[in-house]
Amino acid sequence: MTKVITTGIIGLGRIGKLHAANIQNSIEGMQVKTAVDVVITEEAAMLMKKLGIENVGTDADRIFNDPEIDAVIICSSTDTHTDFIVRAAKAGKHIFCEKPIGSDVASIEAALREVRKAGVALQLGFVRRFDHNHKAVREAVHAGKIGKPEIVKITSRDPAAPPEAYVRTSGGLFFDMMIHDFDMACYLAGSQVTEVFTYGKVLVDDMFGKLGDVDTAIVSLVFENGAIGVIDNSRRAPYGYDQRVEVHGALGCVQDTNDVGSTCLLSTADGVAAEKPLWFFLERYNAAFIAELQAFTQAVSDGKDVAVSGEDGLAAIKIAMAAKKSLDEKRPVSISEIK
Ligand SMILES: NC(=O)c1ccc[n+]([C@@H]2O[C@H](COP(=O)([O-])OP(=O)(O)OC[C@H]3O[C@@H](n4cnc5c(N)ncnc54)[C@H](O)[C@@H]3O)[C@@H](O)[C@H]2O)c1
């Protein structure tokens with residue numbers, strides 16, 4: 001029988017609780033032994049108990065020093081990721097790390113060196129690559145069905161803004177939110193981004209402006225393979241989580257639409273009404289969250305390459321840094337400028 005991968009989870013906020021529940025209930029070949037957070041809320045404690053996770057505490061060394069633990073699932077706030085990757089690699093643990101991988105090139109490169117030195121697996125949480133709709137679009141592009149990609153368009157709008165405490169440690173819109181779209185753009189185009197130009201505004205909540213962030217942005221992209229692209233993000237979409245991608249090529253176009261609660265259409269004298277998109281990432285991407293951890297389990301068990309690497313995480317960070325620089329300096333920024 002294949003060995004079960006024993007994990008420790010760091011961070012029991014929104015995403016940590018989701019991954020803990022998915023591992024215990026839906027992932028074959030993986031289990032959670034220990035869960036830590038700097039603050040264990042009553043809600044987190046109750047959920048861990050319900051999931052049968054008995055080792056719960058505030059010290060991450062409980063995970064790093066435990067020889068029974070094979071892998072670490074990093075779900076803590078963004079500003080802790082690079083440091084935990086280094087500590088996990090030094091402890092010889094495989095790593096699944098939520099996006100983004102970090103916030104500056106030098107510390108990410110140093111962390112990736114530790115990962116290579118330790119010979120452990122590191123998978124980044126770019127969950128959208130595992131979504132059934134976006135995967136089908138990518139497969140059509142890569143099967144050559146639309147010919148050479150020429151335009152990539154991504155719309156990604158959150159139903160509502162996150163709380164201020166989250167925004168403070170998130171790195172801002174380009175590092176927290178659009179980072180998914182930067183990775184998705186490269187994944188769909190099958191090519192790296194070479195240049196960006198950004199427009200950004202505070203249109204939703206002044207809180208973002210006070211923190212030096214924007215809540216609405218459009219980034220134009222140039223790809224190595226000659227294609228061009230555009231991403232739009234908003235922290236507000238009262239109709240639900242708006243997640244659509246499109247690739248236009250020499251032979252045609254492929255796009256997806258939002259997942260909805262049901263395909264019911266109500267037609268009356270007043271018009272035709274359809275259901276709203278699913279509310280947010282917990283609803284929209286849960287099957288993809290399960291698929292990404294199943295893929296990580298498989299890669300660790302088989303000693304094979306992970307589906308989303310640390311280098312993919314770094315590539316997306318460089319685009320985010322270029323997008324922010326373009327906003328600040330009001331000019332196109334080449335990725336080669338980012339060190
Ligand atoms: N893949 C996705 O779609 C997705 C969705 C949401 C969040 N995320 C990422 O997951 C991470 C967490 O996001 P969240 O929404 O769960 O945030 P959250 O604020 O709900 O939870 C973060 C948790 O980390 C804990 N924490 C902070 N520093 C810690 C430390 N040093 N040691 C242990 N625990 C610590 C906090 O106490 C908190 O409970 C972020 O990096 C975010 O970008 C990814």
# chains A, B, ... in the order shown; residues from 1 in each chain; ligands from 1
>>> closest_atom_pairs(of="chain A", to="ligand 1", cutoff="6 Å", atoms="only C-alpha atoms and all ligand atoms", output="JSON lines")
{"residue": "A:Ile10", "atom": "CA", "partner": "ligand 1", "partner_atom_place_in_ligand_line": "33 (C)", "distance": 5.2}
{"residue": "A:Gly11", "atom": "CA", "partner": "ligand 1", "partner_atom_place_in_ligand_line": "24 (O)", "distance": 3.9}
{"residue": "A:Leu12", "atom": "CA", "partner": "ligand 1", "partner_atom_place_in_ligand_line": "39 (O)", "distance": 4.6}
{"residue": "A:Gly13", "atom": "CA", "partner": "ligand 1", "partner_atom_place_in_ligand_line": "21 (O)", "distance": 3.2}
{"residue": "A:Arg14", "atom": "CA", "partner": "ligand 1", "partner_atom_place_in_ligand_line": "16 (O)", "distance": 3.7}
{"residue": "A:Ile15", "atom": "CA", "partner": "ligand 1", "partner_atom_place_in_ligand_line": "16 (O)", "distance": 3.9}
{"residue": "A:Gly16", "atom": "CA", "partner": "ligand 1", "partner_atom_place_in_ligand_line": "16 (O)", "distance": 5.6}
{"residue": "A:Val36", "atom": "CA", "partner": "ligand 1", "partner_atom_place_in_ligand_line": "33 (C)", "distance": 5.9}
{"residue": "A:Asp37", "atom": "CA", "partner": "ligand 1", "partner_atom_place_in_ligand_line": "34 (N)", "distance": 3.6}
{"residue": "A:Val38", "atom": "CA", "partner": "ligand 1", "partner_atom_place_in_ligand_line": "34 (N)", "distance": 4.6}
{"residue": "A:Val39", "atom": "CA", "partner": "ligand 1", "partner_atom_place_in_ligand_line": "37 (O)", "distance": 5.2}
{"residue": "A:Cys75", "atom": "CA", "partner": "ligand 1", "partner_atom_place_in_ligand_line": "11 (C)", "distance": 4.8}
{"residue": "A:Ser76", "atom": "CA", "partner": "ligand 1", "partner_atom_place_in_ligand_line": "24 (O)", "distance": 3.4}
{"residue": "A:Ser77", "atom": "CA", "partner": "ligand 1", "partner_atom_place_in_ligand_line": "41 (O)", "distance": 4.5}
{"residue": "A:Thr78", "atom": "CA", "partner": "ligand 1", "partner_atom_place_in_ligand_line": "41 (O)", "distance": 3.6}
{"residue": "A:Thr80", "atom": "CA", "partner": "ligand 1", "partner_atom_place_in_ligand_line": "31 (N)", "distance": 5.8}
{"residue": "A:Glu98", "atom": "CA", "partner": "ligand 1", "partner_atom_place_in_ligand_line": "10 (O)", "distance": 5.0}
{"residue": "A:Lys99", "atom": "CA", "partner": "ligand 1", "partner_atom_place_in_ligand_line": "43 (O)", "distance": 5.2}
{"residue": "A:Pro100", "atom": "CA", "partner": "ligand 1", "partner_atom_place_in_ligand_line": "43 (O)", "distance": 5.9}
{"residue": "A:Gly125", "atom": "CA", "partner": "ligand 1", "partner_atom_place_in_ligand_line": "1 (N)", "distance": 5.2}
{"residue": "A:Phe126", "atom": "CA", "partner": "ligand 1", "partner_atom_place_in_ligand_line": "1 (N)", "distance": 5.9}
{"residue": "A:Val127", "atom": "CA", "partner": "ligand 1", "partner_atom_place_in_ligand_line": "1 (N)", "distance": 5.5}
{"residue": "A:Tyr166", "atom": "CA", "partner": "ligand 1", "partner_atom_place_in_ligand_line": "19 (O)", "distance": 5.3}
{"residue": "A:Asp176", "atom": "CA", "partner": "ligand 1", "partner_atom_place_in_ligand_line": "43 (O)", "distance": 5.3}
>>> select_by_dssp(residues="region 82-327 of chain A", states="alpha helix (DSSP H)", output="PyMOL selection string")
chain A and resi 82-90+105-118+132-142+164-170+173-176+178-189+206-210+281-284+286-302+310-327
>>> write_last_selection(atoms="C-alpha atoms", output="compact mmCIF listing (two decimals), in the first residue's frame")
# COMPACT_ATOMS: atom_id res chain seq x y z
CA THR A 82 9.14 32.94 2.37
CA ASP A 83 10.37 32.47 5.93
CA PHE A 84 8.25 29.34 6.45
CA ILE A 85 9.42 27.92 3.10
CA VAL A 86 13.05 28.27 4.25
CA ARG A 87 12.31 26.70 7.66
CA ALA A 88 10.39 23.83 6.07
CA ALA A 89 13.15 23.14 3.52
CA LYS A 90 15.83 23.17 6.25
CA VAL A 105 13.01 38.71 -5.65
CA ALA A 106 16.13 38.28 -3.49
CA SER A 107 14.40 36.53 -0.57
CA ILE A 108 12.33 34.32 -2.91
CA GLU A 109 15.46 33.29 -4.84
CA ALA A 110 17.22 32.51 -1.53
CA ALA A 111 14.23 30.40 -0.42
CA LEU A 112 14.20 28.52 -3.75
CA ARG A 113 17.91 27.77 -3.30
CA GLU A 114 17.12 26.20 0.11
CA VAL A 115 14.34 24.13 -1.49
CA ARG A 116 16.69 22.85 -4.21
CA LYS A 117 19.46 22.15 -1.65
CA ALA A 118 17.05 20.13 0.50
CA HIS A 132 -12.41 22.70 -14.82
CA ASN A 133 -13.34 25.72 -17.00
CA HIS A 134 -9.90 27.38 -17.20
CA LYS A 135 -8.24 23.98 -17.77
CA ALA A 136 -10.54 23.31 -20.73
CA VAL A 137 -9.60 26.70 -22.24
CA ARG A 138 -5.90 25.98 -21.77
CA GLU A 139 -6.28 22.51 -23.32
CA ALA A 140 -8.02 23.97 -26.39
CA VAL A 141 -5.23 26.54 -26.82
CA HIS A 142 -2.50 23.96 -26.36
CA GLU A 164 -8.52 45.92 6.51
CA ALA A 165 -6.43 43.60 8.74
CA TYR A 166 -6.10 41.15 5.82
CA VAL A 167 -5.24 43.89 3.31
CA ARG A 168 -2.46 45.19 5.60
CA THR A 169 -0.44 41.95 5.31
CA SER A 170 -1.62 40.93 1.81
CA LEU A 173 -4.00 44.06 -5.17
CA PHE A 174 -1.20 43.05 -7.58
CA PHE A 175 0.46 40.62 -5.11
CA ASP A 176 -2.69 39.29 -3.43
CA MET A 178 -4.05 39.80 -9.60
CA ILE A 179 -1.16 37.40 -8.87
CA HIS A 180 -3.58 34.55 -9.76
CA ASP A 181 -4.33 36.26 -13.09
CA PHE A 182 -0.65 36.85 -13.90
CA ASP A 183 -0.07 33.12 -13.48
CA MET A 184 -3.25 32.30 -15.42
CA ALA A 185 -2.18 34.62 -18.28
CA CYS A 186 1.16 32.77 -18.69
CA TYR A 187 -0.57 29.39 -18.31
CA LEU A 188 -3.15 30.19 -21.01
CA ALA A 189 -0.73 31.88 -23.42
CA ASP A 206 -10.94 54.61 0.61
CA MET A 207 -9.36 52.09 3.01
CA PHE A 208 -7.32 50.77 0.04
CA GLY A 209 -6.01 54.26 -0.76
CA LYS A 210 -5.01 54.88 2.87
CA PHE A 281 -13.53 31.43 -4.00
CA LEU A 282 -14.69 28.96 -1.33
CA GLU A 283 -17.70 28.08 -3.49
CA ARG A 284 -16.26 28.66 -6.97
CA ASN A 286 -13.47 24.18 -3.96
CA ALA A 287 -13.18 21.32 -6.47
CA ALA A 288 -9.97 22.95 -7.72
CA PHE A 289 -8.63 23.29 -4.14
CA ILE A 290 -9.14 19.53 -3.75
CA ALA A 291 -7.55 18.80 -7.15
CA GLU A 292 -4.42 20.89 -6.41
CA LEU A 293 -3.76 19.06 -3.12
CA GLN A 294 -4.47 15.70 -4.74
CA ALA A 295 -1.87 16.59 -7.40
CA PHE A 296 0.62 17.63 -4.67
CA THR A 297 0.03 14.33 -2.82
CA GLN A 298 0.64 12.42 -6.05
CA ALA A 299 3.81 14.35 -6.90
CA VAL A 300 5.28 13.79 -3.41
CA SER A 301 4.32 10.09 -3.40
CA ASP A 302 5.75 9.44 -6.87
CA GLY A 310 8.34 27.86 -6.95
CA GLU A 311 9.75 29.35 -10.18
CA ASP A 312 6.14 29.86 -11.40
CA GLY A 313 5.52 31.67 -8.10
CA LEU A 314 8.56 33.91 -8.68
CA ALA A 315 7.58 34.65 -12.31
CA ALA A 316 4.15 35.89 -11.15
CA ILE A 317 5.77 38.05 -8.43
CA LYS A 318 8.03 39.72 -11.01
CA ILE A 319 4.95 40.60 -13.10
CA ALA A 320 3.22 41.96 -9.97
CA MET A 321 6.27 44.09 -9.15
CA ALA A 322 6.37 45.41 -12.72
CA ALA A 323 2.61 46.16 -12.63
CA LYS A 324 3.00 48.16 -9.39
CA LYS A 325 6.05 50.01 -10.79
CA SER A 326 4.09 50.85 -13.95
CA LEU A 327 1.23 52.27 -11.83
>>> closest_residue(among="A:Glu224, A:Glu43, A:Asp215, A:Asp70", to="Ile95 (chain A)", atoms="only C-alpha atoms")
A:Asp70
>>> closest_residue(among="A:Pro159, A:Gly102, A:Gly171, A:Gly200", to="Gln243 (chain A)", atoms="only C-alpha atoms")
A:Pro159
>>> closest_residue(among="A:Asp270, A:Asp232, A:Glu54, A:Asp256", to="Gly8 (chain A)", atoms="only C-alpha atoms")
A:Glu54
>>> select_by_dssp(residues="region 49-227 of chain A", states="strand (DSSP E)", output="PyMOL selection string")
chain A and resi 55-57+71-74+94-97+122-124+149-157+193-201+216-223
